[in-house]
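A.B. asks: Pasting a structure below so you can have a look.
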Amino acid sequence: GEVRLAVATNFHEAAERLSEQFAEATGHSSRISYGSTGKLYAQIRHGAPFDVFLAADQERPHLMEQNGSAVPGTRFTYAVGKLVLWSPDPEAFTDPVAFLREGNFRRLAIANPKTAPYGLAARQTLENLGLRAALEGKLVRGESIAQTFQFVATGNARAGFVALAQLRDDHDGGARWEVPDTYHDPIAQQAILLERGRDNEAARAWLEFLASREAQDIIRQYGYDIPQSPE
Amino acid sequence: MSPEWQTVWLTLKLAGITTALLMVIGTPIAWWLARSNHWLRQPVAAIVALPLVLPPTVLGFYLLLLMGPEGIVGTLTKTLGLGTLPFTFAGLVIASVIYSLPFTVQPLQNVFSTVNERMLEVAATLRASPLDRFFSVVIPLARPGFLTAAVLTFAHTLGEFGVVLMIGGNIPGETRVLSVAIYDHVETLEYAKAHLLAGGMLVFSFLVLLTLYLINGRLNNGNLKS
Amino acid sequence: MSPEWQTVWLTLKLAGITTALLMVIGTPIAWWLARSNHWLRQPVAAIVALPLVLPPTVLGFYLLLLMGPEGIVGTLTKTLGLGTLPFTFAGLVIASVIYSLPFTVQPLQNVFSTVNERMLEVAATLRASPLDRFFSVVIPLARPGFLTAAVLTFAHTLGEFGVVLMIGGNIPGETRVLSVAIYDHVETLEYAKAHLLAGGMLVFSFLVLLTLYLINGRLNNGNLKS
Amino acid sequence: MNEPGILARVAIGFDRFRLDVDLQLPGNGVTALFGHSGCGKTTLLRCIAGLQECAGHLYVNGDVWQDGTTCLPVHQRPLAYVFQETSLFPHLSVNGNLNFGYRRTPAAQRRIHPQQVIDWLGLSHLLDRRPERLSGGERQRVAIARALLTSPRLLLMDEPLSALDQASKRDILPYLETLRDSLDIPIIYVSHSAAEVARLADNIVMMDQGRVVAEGGLQETLARPDQPFALEHDAAVIVPAIIRERDLQWHLCRAEFEGGSLWLRDDRQSETGTRVRLQILARDVSIALAANHEQSIQNLLPARVMDMAAEHRPGMTTVRLQAGKTSFLSRITSRSAHQLGLSPGMEVCLQIKSVAIVE
Amino acid sequence: MNEPGILARVAIGFDRFRLDVDLQLPGNGVTALFGHSGCGKTTLLRCIAGLQECAGHLYVNGDVWQDGTTCLPVHQRPLAYVFQETSLFPHLSVNGNLNFGYRRTPAAQRRIHPQQVIDWLGLSHLLDRRPERLSGGERQRVAIARALLTSPRLLLMDEPLSALDQASKRDILPYLETLRDSLDIPIIYVSHSAAEVARLADNIVMMDQGRVVAEGGLQETLARPDQPFALEHDAAVIVPAIIRERDLQWHLCRAEFEGGSLWLRDDRQSETGTRVRLQILARDVSIALAANHEQSIQNLLPARVMDMAAEHRPGMTTVRLQAGKTSFLSRITSRSAHQLGLSPGMEVCLQIKSVAIVE
Ligand SMILES: Nc1ncnc2c1ncn2[C@@H]1O[C@H](COP(=O)(O)OP(=O)(O)OP(=O)(O)O)[C@@H](O)[C@H]1O
Ligand SMILES: Nc1ncnc2c1ncn2[C@@H]1O[C@H](COP(=O)(O)OP(=O)(O)OP(=O)(O)O)[C@@H](O)[C@H]1O
Ligand code: MOO
Ligand SMILES: [Mg+2]
Ligand SMILES: [Mg+2]
């Protein structure tokens with residue numbers, strides 16, 4: 001059978017890789033649509049033909065469970081995002097907190113806290129450092145975590161909070177600081193079986209596969225944590 | 001067909017069908033707007049321009065609401081046994097048509113309003129019926145407007161993206177068009193692929209446009225300035 | 001000013017300035033395209049239409065590259081002591097100008113090409129210099145084209161979104177415009193707010209457009225059909 | 001309603017102008033429409049063609065074109081219209097323009113064919129040309145040809161020859177005459193040129209400020225010494241005659257009419273026996289008390305003074321005379337009339353300097 | 001180069017047409033440009049106006065408009081152009097059209113003012129009208145007025161009166177004459193109407209297929225019996241004369257010229273002593289061997305036959321005669337000429353039926 005996946009953009013590469021493995025393991029094929037979590041949510045609410053939703057947060061899967069667009073009880077956290085303060089310039093900072101506190105830069109990029117979970121985490125981090133008010137005027141907001149990355153990568157922002165999953169060791173060197181997860185609520189990315197996929201064998205198989213050890217290894221490779229005990 | 005070519009083909013199909021449909025739909029609207037003295041003329045003209053004002057994604061969102069299973073249009077299409085339109089190619093076409101309507105209607109209306117009334121009168125005295133006059137006099141005289149309308153519509157549908165993403169759902173081989181694919185590549189940091197697709201699209205479009213303009217220039221050869 | 005009104009004001013400012021600039025920039029380009037016989041005419045015409053072809057976000061991405069500190073334009077603006085353009089209002093204006101250029105140039109070019117050469121000759125024999133002829137003859141005769149160009153440009157800048165999002169960085173009071181705000185509301189499921197803003201924008205735009213068309217209709221009063 | 005002829009009752013008002021016309025015109029032949037600039041000639045033609053909405057009715061040779069209930073749209077009225085101003089399609093070549101109406105005329109109704117008009121109007125070297133590359137006169141000729149090629153059943157011509165030089169007019173007029181005779185259709189012809197009118201028209205309608213101020217057959221109307229037409233300088237009579245004799249050496253011919261005969265130039269080389277129409281301008285006719293053969297004026301006719309009328313402009317008198325059964329007009333100074341003692345009934349000698357065959 | 005007058009050497013080729021003209025025209029007065037449709041009249045005017053690029057040079061009353069190195073753009077040439085086809089600005093009212101050029105003429109150079117031309121051309125009731133709401137003749141009058149209001153130093157008129165009826169022409173022509181005399185500028189006037197030309201022109205240029213085939217002063221040219229002009233029917237001489245006597249009862253006046261005097265209508269009510277220009281059409285002049293006073297033709301002049309020429313069209317002969325020092329033309333049938341035995345040197349009596357004052 002075939003499973004139609006709606007996948008939050010930040011998980012794109014991992015999802016591609018997973019679906020290859022999934023096909024090998026089960027013989028099912030998958031067709032993946034990407035989009036921001038908010039957009040995918042709106043689409044699913046209005047009849048988009050997806051079987052499984054891999055969101056970038058836990059809020060929207062939770063909502064879906066309540067409003068009947070998803071199958072209750074199928075929700076689980078498949079990955080936990082890791083936030084990184086990054087600048088392509090290796091000289092940019094050695095002590096990240098001092099760097100932020102001194103504020104010797106024009107622009108700092110974060111994702112829009114309203115639309116992207118990584119943005120929310122970034123804001124919480126700044127709050128915990130007591131720097132939110134001081135830096136407010138220097139923030140530029142990317143609509144998605146991808147846009148935020150582009151702001152930084154093109155040099156238009158001195159540094160920015162991006163997802164670890166976005167950084168390639170090979171060519172995205174520079175200065176980086178993996179933000180300890182004590183600075184922000186966990187960026188729990190949840191998956192859920194949608195109503196349309198209720199009777200799709202392949203869909204259930206995919207969710208099963210996503211929770212498997214094999215899958216978790218792959219997910220880790222792409223810069224995510226795996227939750228200690230899936231909810 | 002490889003997924004890339006599938007996307008290219010889908011894109012061209014969408015832009016082509018949208019442009020063709022809009023030429024058919026837009027021409028009578030533009031003609032009416034340019035020629036009528038009905039009191040509804042100005043309101044309709046204003047409404048035609050409105051799809052432009054909304055951000056494409058937002059327009060897409062409202063179309064989704066309308067055409068979704070609970071929307072007015074969706075209820076209608078369902079009772080007609082057509083299913084719902086979002087996430088189908090047909091849905092994409094309809095959304096593109098709505099979104100690009102102003103790009104077709106405005107240039108046409110514009111050029112229609114400059115067509116010399118006398119030429120229509122002459123044609124009438126030479127036995128041409130209203131429809132005949134339209135095809136044998138208005139269309140040739142309004143050719144630069146048709147060219148502009150077609151170019152704007154086609155190019156805009158190629159680059160159109162927000163609406164398509166929202167209504168189409170980015171489903172490979174079904175509703176994923178080039179603009180969405182390039183966007184995806186940029187979003188997922190696959191810059192090399194993005195550059196390739198964007199560059200290819202630019203070169204291709206440039207060549208198509210250039211050819212069009214050259215042909216048009218040849219046809220004109222100074223004749224439309226009179 | 002409350003953030004909402006700040007956003008509205010910023011949006012109108014951006015659309016207004018972009019439209020005004022484009023009228024100034026687009027008019028000579030359109031005139032040259034419509035009247036010249038230079039061999040570069042068709043290639044330039046094709047290039048002018050190109051910004052349309054790319055998805056706005058992608059165009060925004062490339063502009064980000066170009067105008068960023070390592071881009072050609074960025075290097076230039078930096079050496080000129082202007083800093084870099086992204087995330088500034090000036091940068092937004094420049095991006096909007098580039099993106100909306102075809103909407104200004106194409107309708108103008110179009111209507112310029114239908115201006116009767118004879119009228120320019122007559123004006124010349126009545127002592128009007130080329131510039132004078134342009135203002136006293138071409139502009140009045142081409143008025144429907146100017147209206148269309150201005151409406152398309154203004155509306156498109158209002159709704160424009162991908163480029164603005166990319167170049168602007170969504171800074172409240174500086175680069176957050178209405179389209180971005182509505183988009184945000186849709187993304188975050190704040191549908192009531194989205195409906196309000198979108199509805200307001202539609203009603204406002206409708207009224208503006210209607211007024212424009214009514215005034216234009218009054219001015220025309222059948223005079224442009226001759 | 002089923003009678004031949006044109007019945008036109010047309011009313012329409014603009015801001016400061018009102019056209020109100022009730023006309024009855026014969027079903028064939030040329031009606032000349034005369035009048036000052038702005039008197040409503042073009043407006044009347046437009047109403048007849050259906051280009052201008054108006055109140056009233058219009059019957060053409062038995063067909064209803066407009067009445068209280070119906071109003072045929074322009075393209076269903078089998079008419080052709082030569083506009084006052086150039087009206088060629090700029091997007092078509094001369095050939096394309098000519099064929100526009102021809103192609104739309106059902107083959108069975110075609111009575112005029114492209115090659116004919118191209119020859120008549122001298123267009124063969126222009127066929128591939130775009131209108132903007134034609135001279136003013138060339139454009140006008142193409143417009144006439146295009147109109148004729150629809151083989152109309154009513155021909156409306158708004159100053160069709162005004163852009164043409166004398167020579168072109170001289171070349172084209174005979175063809176218009178041929179057309180008038182062979183097509184057997186009514187032609188309404190707006191012209192400011194008395195010469196054209198006298199030559200072509202069978203009927204005259206004089207308009208002023210949107211109303212018809214006079215109308216009638218050419219001969220009767222022209223032979224009225226108090227004629228209301230602004231012709232004055234060009235007042236003339238038209239005399240039907242038959243060619244009786246030709247003087248090949250001197251290129252002259254003799255035309256006989258009821259009441260005498262006249263020598264004239266053998267322009268057309270008409271066979272003896274041909275029926276012709278002679279135009280004799282009042283200004284070419286002088287009056288002598290007795291015949292004097294020792295002068296270059298060779299056409300001397302005994303005639304009787306019928307009546308006399310002073311002209312609109314002082315100092316001139318138009319005298320109507322009769323030779324046999326034929327009326328002539330003579331335009332002389334009032335002083336001459338007085339000095340010669342002219343009075344109705346008096347026998348005199350007409351001296352006719354110039355005669356033209358107009359048909 | 002600093003001499004008055006117009007020196008124009010103009011060459012230009014279209015696909016199938018070549019204009020090649022070398023003209024020297026006087027620095028004031030009216031030059032009539034004559035020729036068949038398509039002979040290049042409009043093209044010549046366009047070259048002079050600078051609307052058509054061409055090779056050659058152009059000097060106007062001492063100013064260089066074009067030569068090898070310079071070429072003044074149109075708007076810097078102090079000329080006015082009345083186009084052959086209507087050319088009003090559709091976006092301006094009649095008033096706006098009139099003012100277009102007037103506003104752009106430096107106040108110090110204005111010699112003609114709106115109220116004047118509005119009165120001359122009868123436009124006062126049209127001022128607020130849009131061009132599309134005018135009749136053909138009204139449009140043409142507005143175009144003339146608009147051109148005049150630039151107070152040009154060279155006036156180019158391409159068939160300006162062809163859309164007008166006789167009455168309008170009669171009203172407008174005197175003003176054009178006044179203009180010609182008062183402005184002291186050259187006017188180049190394209191017309192197909194011999195009457196207009198004879199009335200206005202001082203100079204004639206005849207073109208054929210892009211070349212000048214004849215040119216010269218009006219009087220000399222018209223008095224050539226073999227005149228190359230396509231006037232024929234309208235051949236005429238122009239005779240300068242002085243009003244000597246007025247007969248108020250009969251509305252006549254007597255004009256004296258070198259070699260006699262003529263009675264004519266006292267149209268203009270000119271005072272005695274006024275200098276006038278008489279136009280005498282060859283067709284109005286007949287020849288008798290002796291004077292016959294018992295006829296309506298009252299102008300009988302003794303004259304001598306100078307020479308005779310057969311016309312282009314067979315059967316007619318143009319005879320040049322001299323009365324005193326003044327030349328006359330008479331157009332008679334060749335048979336009359338033969339029968340009267342006319343030959344150079346013979347003394348005859350001219351019978352002149354009609355004389356017009358043209359100035
Ligand atoms: N659309 C219009 N609106 C108002 N007045 C008009 C309109 N069209 C024509 N007129 C006026 O109606 C009158 C008649 O115009 P029309 O064109 O019939 O005259 P015409 O007899 O053809 O004159 P001409 O010999 O100058 O062509 C004119 O006084 C003109 O100004
Ligand atoms: N743009 C052009 N391209 C090619 N041929 C042209 C062009 N303009 C004019 N001609 C030709 O040049 C010749 C002269 O044209 P022009 O307009 O000067 O004639 P004209 O003497 O004014 O005639 P008319 O009395 O008919 O107005 C004509 O044979 C015409 O067909
Ligand atoms: O994948 Mo997201 O929802 O764009 O951060
Ligand atoms: Mg008219
Ligand atoms: Mg011409």
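Residue names in the structure tokens use chain letters A, B, ... in the order shown, residue numbers from 1 in each chain, and ligand numbers from 1 in the order shown.
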Running DSSP on the backbone, which parts of stretch 42-215 of chain A land in strand (DSSP E), as a PyMOL selection string?

C.D. replies: chain A and resi 52-54+76-81+83-87+108-111+139-142+159-163+175-178+187-193

A.B. asks: Could those selected residues go to a file with N, CA and C atoms, as a CSV table (one decimal), in the first residue's frame?

C.D. replies:
chain,number,residue,atom,x,y,z
A,52,VAL,N,-0.9,10.4,7.5
A,52,VAL,CA,-0.2,10.6,8.8
A,52,VAL,C,0.4,12.0,8.8
A,53,PHE,N,0.4,12.6,10.0
A,53,PHE,CA,0.9,14.0,10.1
A,53,PHE,C,2.1,13.9,11.0
A,54,LEU,N,3.3,14.4,10.5
A,54,LEU,CA,4.4,14.6,11.4
A,54,LEU,C,4.6,16.1,11.6
A,76,PHE,N,2.2,10.4,19.3
A,76,PHE,CA,3.4,10.2,20.1
A,76,PHE,C,4.5,11.2,19.6
A,77,THR,N,5.5,11.4,20.5
A,77,THR,CA,6.6,12.3,20.1
A,77,THR,C,7.6,11.4,19.4
A,78,TYR,N,7.9,11.8,18.2
A,78,TYR,CA,8.8,11.0,17.4
A,78,TYR,C,10.2,11.6,17.4
A,79,ALA,N,10.3,12.9,17.8
A,79,ALA,CA,11.6,13.5,17.9
A,79,ALA,C,11.6,14.7,18.7
A,80,VAL,N,12.7,15.1,19.3
A,80,VAL,CA,12.8,16.3,20.1
A,80,VAL,C,13.8,17.2,19.5
A,81,GLY,N,13.4,18.4,19.1
A,81,GLY,CA,14.4,19.3,18.3
A,81,GLY,C,15.4,19.9,19.3
A,83,LEU,N,17.9,23.1,19.7
A,83,LEU,CA,18.1,24.5,19.3
A,83,LEU,C,19.6,24.8,19.4
A,84,VAL,N,20.1,25.6,18.3
A,84,VAL,CA,21.5,25.9,18.3
A,84,VAL,C,21.6,27.4,18.0
A,85,LEU,N,22.5,28.1,18.7
A,85,LEU,CA,22.8,29.4,18.3
A,85,LEU,C,24.0,29.3,17.3
A,86,TRP,N,23.8,29.9,16.1
A,86,TRP,CA,24.8,29.6,15.1
A,86,TRP,C,25.2,30.8,14.3
A,87,SER,N,26.5,30.9,14.0
A,87,SER,CA,26.9,31.9,13.0
A,87,SER,C,27.9,31.2,12.1
A,108,LEU,N,19.9,39.7,15.0
A,108,LEU,CA,19.9,38.3,15.5
A,108,LEU,C,18.6,37.6,15.0
A,109,ALA,N,18.8,36.5,14.3
A,109,ALA,CA,17.6,35.8,13.7
A,109,ALA,C,17.1,34.8,14.6
A,110,ILE,N,15.7,34.8,14.8
A,110,ILE,CA,15.1,33.7,15.4
A,110,ILE,C,13.9,33.3,14.5
A,111,ALA,N,13.3,32.2,14.7
A,111,ALA,CA,12.1,31.9,14.0
A,111,ALA,C,10.9,32.6,14.7
A,139,LEU,N,16.0,41.7,16.7
A,139,LEU,CA,15.6,40.4,16.3
A,139,LEU,C,15.0,40.6,14.9
A,140,VAL,N,15.3,39.6,14.0
A,140,VAL,CA,14.5,39.4,12.8
A,140,VAL,C,13.9,38.1,12.9
A,141,ARG,N,12.7,37.9,12.4
A,141,ARG,CA,12.0,36.7,12.5
A,141,ARG,C,11.8,36.0,11.2
A,142,GLY,N,12.3,34.8,11.1
A,142,GLY,CA,12.0,34.0,10.0
A,142,GLY,C,10.6,33.3,10.1
A,159,ALA,N,24.0,36.2,13.7
A,159,ALA,CA,23.8,34.9,14.2
A,159,ALA,C,22.4,34.6,14.4
A,160,GLY,N,22.0,33.3,14.7
A,160,GLY,CA,20.6,33.1,14.9
A,160,GLY,C,20.4,31.7,15.5
A,161,PHE,N,19.2,31.6,16.1
A,161,PHE,CA,18.8,30.3,16.7
A,161,PHE,C,18.2,29.4,15.7
A,162,VAL,N,18.9,28.3,15.3
A,162,VAL,CA,18.4,27.4,14.3
A,162,VAL,C,18.3,26.0,14.9
A,163,ALA,N,17.8,25.1,14.0
A,163,ALA,CA,17.7,23.7,14.5
A,163,ALA,C,19.0,23.0,14.2
A,175,ALA,N,30.7,29.2,14.2
A,175,ALA,CA,30.5,29.2,15.6
A,175,ALA,C,29.2,28.6,16.0
A,176,ARG,N,29.1,27.7,16.9
A,176,ARG,CA,27.8,27.2,17.3
A,176,ARG,C,27.7,26.9,18.8
A,177,TRP,N,26.5,27.0,19.3
A,177,TRP,CA,26.3,26.8,20.7
A,177,TRP,C,25.0,26.0,20.8
A,178,GLU,N,25.1,24.7,21.2
A,178,GLU,CA,23.9,23.9,21.4
A,178,GLU,C,23.3,24.4,22.7
A,187,ILE,N,11.2,20.9,22.6
A,187,ILE,CA,10.6,21.0,21.3
A,187,ILE,C,10.2,19.6,20.9
A,188,ALA,N,9.0,19.2,21.4
A,188,ALA,CA,8.6,17.9,21.1
A,188,ALA,C,7.8,17.9,19.8
A,189,GLN,N,8.3,17.1,18.9
A,189,GLN,CA,7.6,17.0,17.6
A,189,GLN,C,6.8,15.7,17.6
A,190,GLN,N,5.4,15.8,17.4
A,190,GLN,CA,4.6,14.7,17.5
A,190,GLN,C,4.0,14.2,16.2
A,191,ALA,N,3.8,12.9,16.1
A,191,ALA,CA,3.1,12.4,14.9
A,191,ALA,C,1.8,11.8,15.3
A,192,ILE,N,0.9,11.8,14.3
A,192,ILE,CA,-0.5,11.3,14.6
A,192,ILE,C,-1.1,10.6,13.4
A,193,LEU,N,-1.9,9.6,13.6
A,193,LEU,CA,-2.6,9.0,12.5
A,193,LEU,C,-3.9,9.8,12.2

A.B. asks: Counting only C-alpha atoms and all ligand atoms, which protein, DNA or RNA residues come within 6 Å of ligand 5, given as a list in words?

C.D. replies: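 For ligand 5, the residues inside 6 Å are Ser135 and Gly136 of chain D; Lys41 and Thr42 of chain E.
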
A.B. asks: Please produce a file of those selected residues containing N, CA and C atoms, as a PDB file, in the first residue's frame.

C.D. replies:
ATOM      1  N   SER D 135      -1.548  57.421 -49.561  1.00  0.00           N
ATOM      2  CA  SER D 135      -1.850  58.846 -49.509  1.00  0.00           C
ATOM      3  C   SER D 135      -3.334  59.013 -49.209  1.00  0.00           C
ATOM      4  N   GLY D 136      -3.726  60.243 -48.879  1.00  0.00           N
ATOM      5  CA  GLY D 136      -5.113  60.502 -48.520  1.00  0.00           C
ATOM      6  C   GLY D 136      -6.096  60.063 -49.592  1.00  0.00           C
TER       7      GLY D 136
ATOM      8  N   LYS E  41       2.421  65.179 -52.488  1.00  0.00           N
ATOM      9  CA  LYS E  41       2.195  66.495 -51.880  1.00  0.00           C
ATOM     10  C   LYS E  41       2.327  66.427 -50.367  1.00  0.00           C
ATOM     11  N   THR E  42       1.598  65.472 -49.787  1.00  0.00           N
ATOM     12  CA  THR E  42       1.656  65.344 -48.334  1.00  0.00           C
ATOM     13  C   THR E  42       3.069  65.017 -47.888  1.00  0.00           C
TER      14      THR E  42
END

A.B. asks: Please list as a compact mmCIF listing (two decimals) with N, CA, C and O atoms, in the first residue's frame every residue within 6 Å of stretch 11-26 of chain C, counting only C-alpha atoms and excluding residues in the same chain fewer than 4 positions away.

C.D. replies:
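Done, and the output landed in around36.txt:
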# COMPACT_ATOMS: atom_id res chain seq x y z
N ALA C 30 8.71 51.68 -20.16
CA ALA C 30 7.58 51.26 -20.99
C ALA C 30 7.57 52.06 -22.29
O ALA C 30 7.32 51.50 -23.37
N VAL C 93 11.29 48.20 0.02
CA VAL C 93 10.84 48.99 -1.13
C VAL C 93 11.55 48.51 -2.40
O VAL C 93 10.91 48.27 -3.43
N VAL C 97 9.79 46.87 -5.58
CA VAL C 97 9.91 47.52 -6.89
C VAL C 97 10.32 46.50 -7.93
O VAL C 97 9.75 46.43 -9.02
N THR C 104 3.77 47.20 -13.68
CA THR C 104 3.74 48.60 -14.09
C THR C 104 4.07 48.72 -15.57
O THR C 104 3.38 49.40 -16.32
N VAL C 105 5.15 48.04 -15.94
CA VAL C 105 5.66 48.26 -17.29
C VAL C 105 4.72 47.70 -18.35
O VAL C 105 4.44 48.36 -19.35
N THR C 153 -0.10 47.43 -9.55
CA THR C 153 1.10 47.56 -8.73
C THR C 153 0.76 47.71 -7.26
O THR C 153 1.31 47.03 -6.40
N PHE C 154 -0.18 48.61 -6.99
CA PHE C 154 -0.54 48.86 -5.59
C PHE C 154 -1.13 47.60 -4.96
O PHE C 154 -0.69 47.16 -3.90
N THR C 157 1.43 44.93 -4.43
CA THR C 157 2.34 45.19 -3.31
C THR C 157 1.63 44.97 -1.98
O THR C 157 2.23 44.49 -1.02
N LEU C 158 0.35 45.32 -1.95
CA LEU C 158 -0.43 45.04 -0.74
C LEU C 158 -0.39 43.55 -0.43
O LEU C 158 -0.15 43.12 0.70
N VAL C 177 4.35 43.89 7.46
CA VAL C 177 3.22 44.49 6.76
C VAL C 177 1.99 43.60 6.95
O VAL C 177 2.07 42.50 7.50
N LEU C 178 0.86 44.09 6.45
CA LEU C 178 -0.41 43.41 6.68
C LEU C 178 -0.43 41.98 6.17
O LEU C 178 -0.91 41.07 6.85

A.B. asks: Can you pull out every residue with an atom within 9 Å of ligand 4? Use only C-alpha atoms and all ligand atoms and format it as a PyMOL selection string.

C.D. replies: (chain D and resi 37-43+45+83-85+158-159+190) or (chain E and resi 134-138+163)

A.B. asks: Would you list which chain C residues are within 6 Å of chain B using only C-alpha atoms, as a list in words?

C.D. replies: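 The complete set of qualifying residues is Gln42, Pro43, Ala46, Leu52, Val53, Leu54, Pro55, Pro107, Asn110, Thr114, Asn116, Pro144, Ala155, His156, Leu158, Gly159, Glu160, Phe161, Ser179, Phe206, Leu209, Leu210, Tyr213, Lys225 and Ser226 of chain C.
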
A.B. asks: Check which residues fall inside 8 Å of ligand 3 when counting only C-alpha atoms and all ligand atoms, and print them as number ranges by chain.

C.D. replies: A: 7-11, 35-38, 55-57, 111, 115-118, 143-146

A.B. asks: Could you please tell me, as a VMD selection string, which residues of chain C have an atom within 9 Å of chain A when using only C-alpha atoms?

C.D. replies: chain C and resid 61 64 to 65 67 to 71 84 to 87 165 to 171 184 to 189

A.B. asks: Please, which residues of chain C lie no more than 8 Å from chain E when the count uses only C-alpha atoms, and can they be set out as a ChimeraX atom specification?

C.D. replies: /C:118-119,121-129,137,140-141,223-224,226

A.B. asks: Using only C-alpha atoms and a cut-off of 6 Å, which residues of chain E sit close to chain D? Please list them as a ChimeraX atom specification.

C.D. replies: /E:36-38,135,137,162,165,192,250-251,286-289,294-296,315,335-336

A.B. asks: With a distance cut-off of 8 Å and only C-alpha atoms, select the neighbouring residues of D:Val205, excluding the residue or stretch itself and same-chain residues fewer than 5 positions from it, and output the selection as JSON, numbers by chain.

C.D. replies: {"D": [31, 32, 33, 34, 212, 213, 214, 215, 216]}

A.B. asks: Write out as a PyMOL selection string which residues come within 9 Å of stretch 205-222 of chain A when counting only C-alpha atoms, dropping same-chain ones fewer than 2 positions away.

C.D. replies: chain A and resi 3+11+13-15+17-19+21-22+25-26+28+30+52+74+76-79+164-166+191-193+200-203+224-226+230

A.B. asks: Which one of A:Ala134, A:Leu129, A:Val71, A:Leu194 sits closest to A:Thr182 if you count only C-alpha atoms?

C.D. replies: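 Smallest separation from A:Thr182 among the options: A:Leu129.
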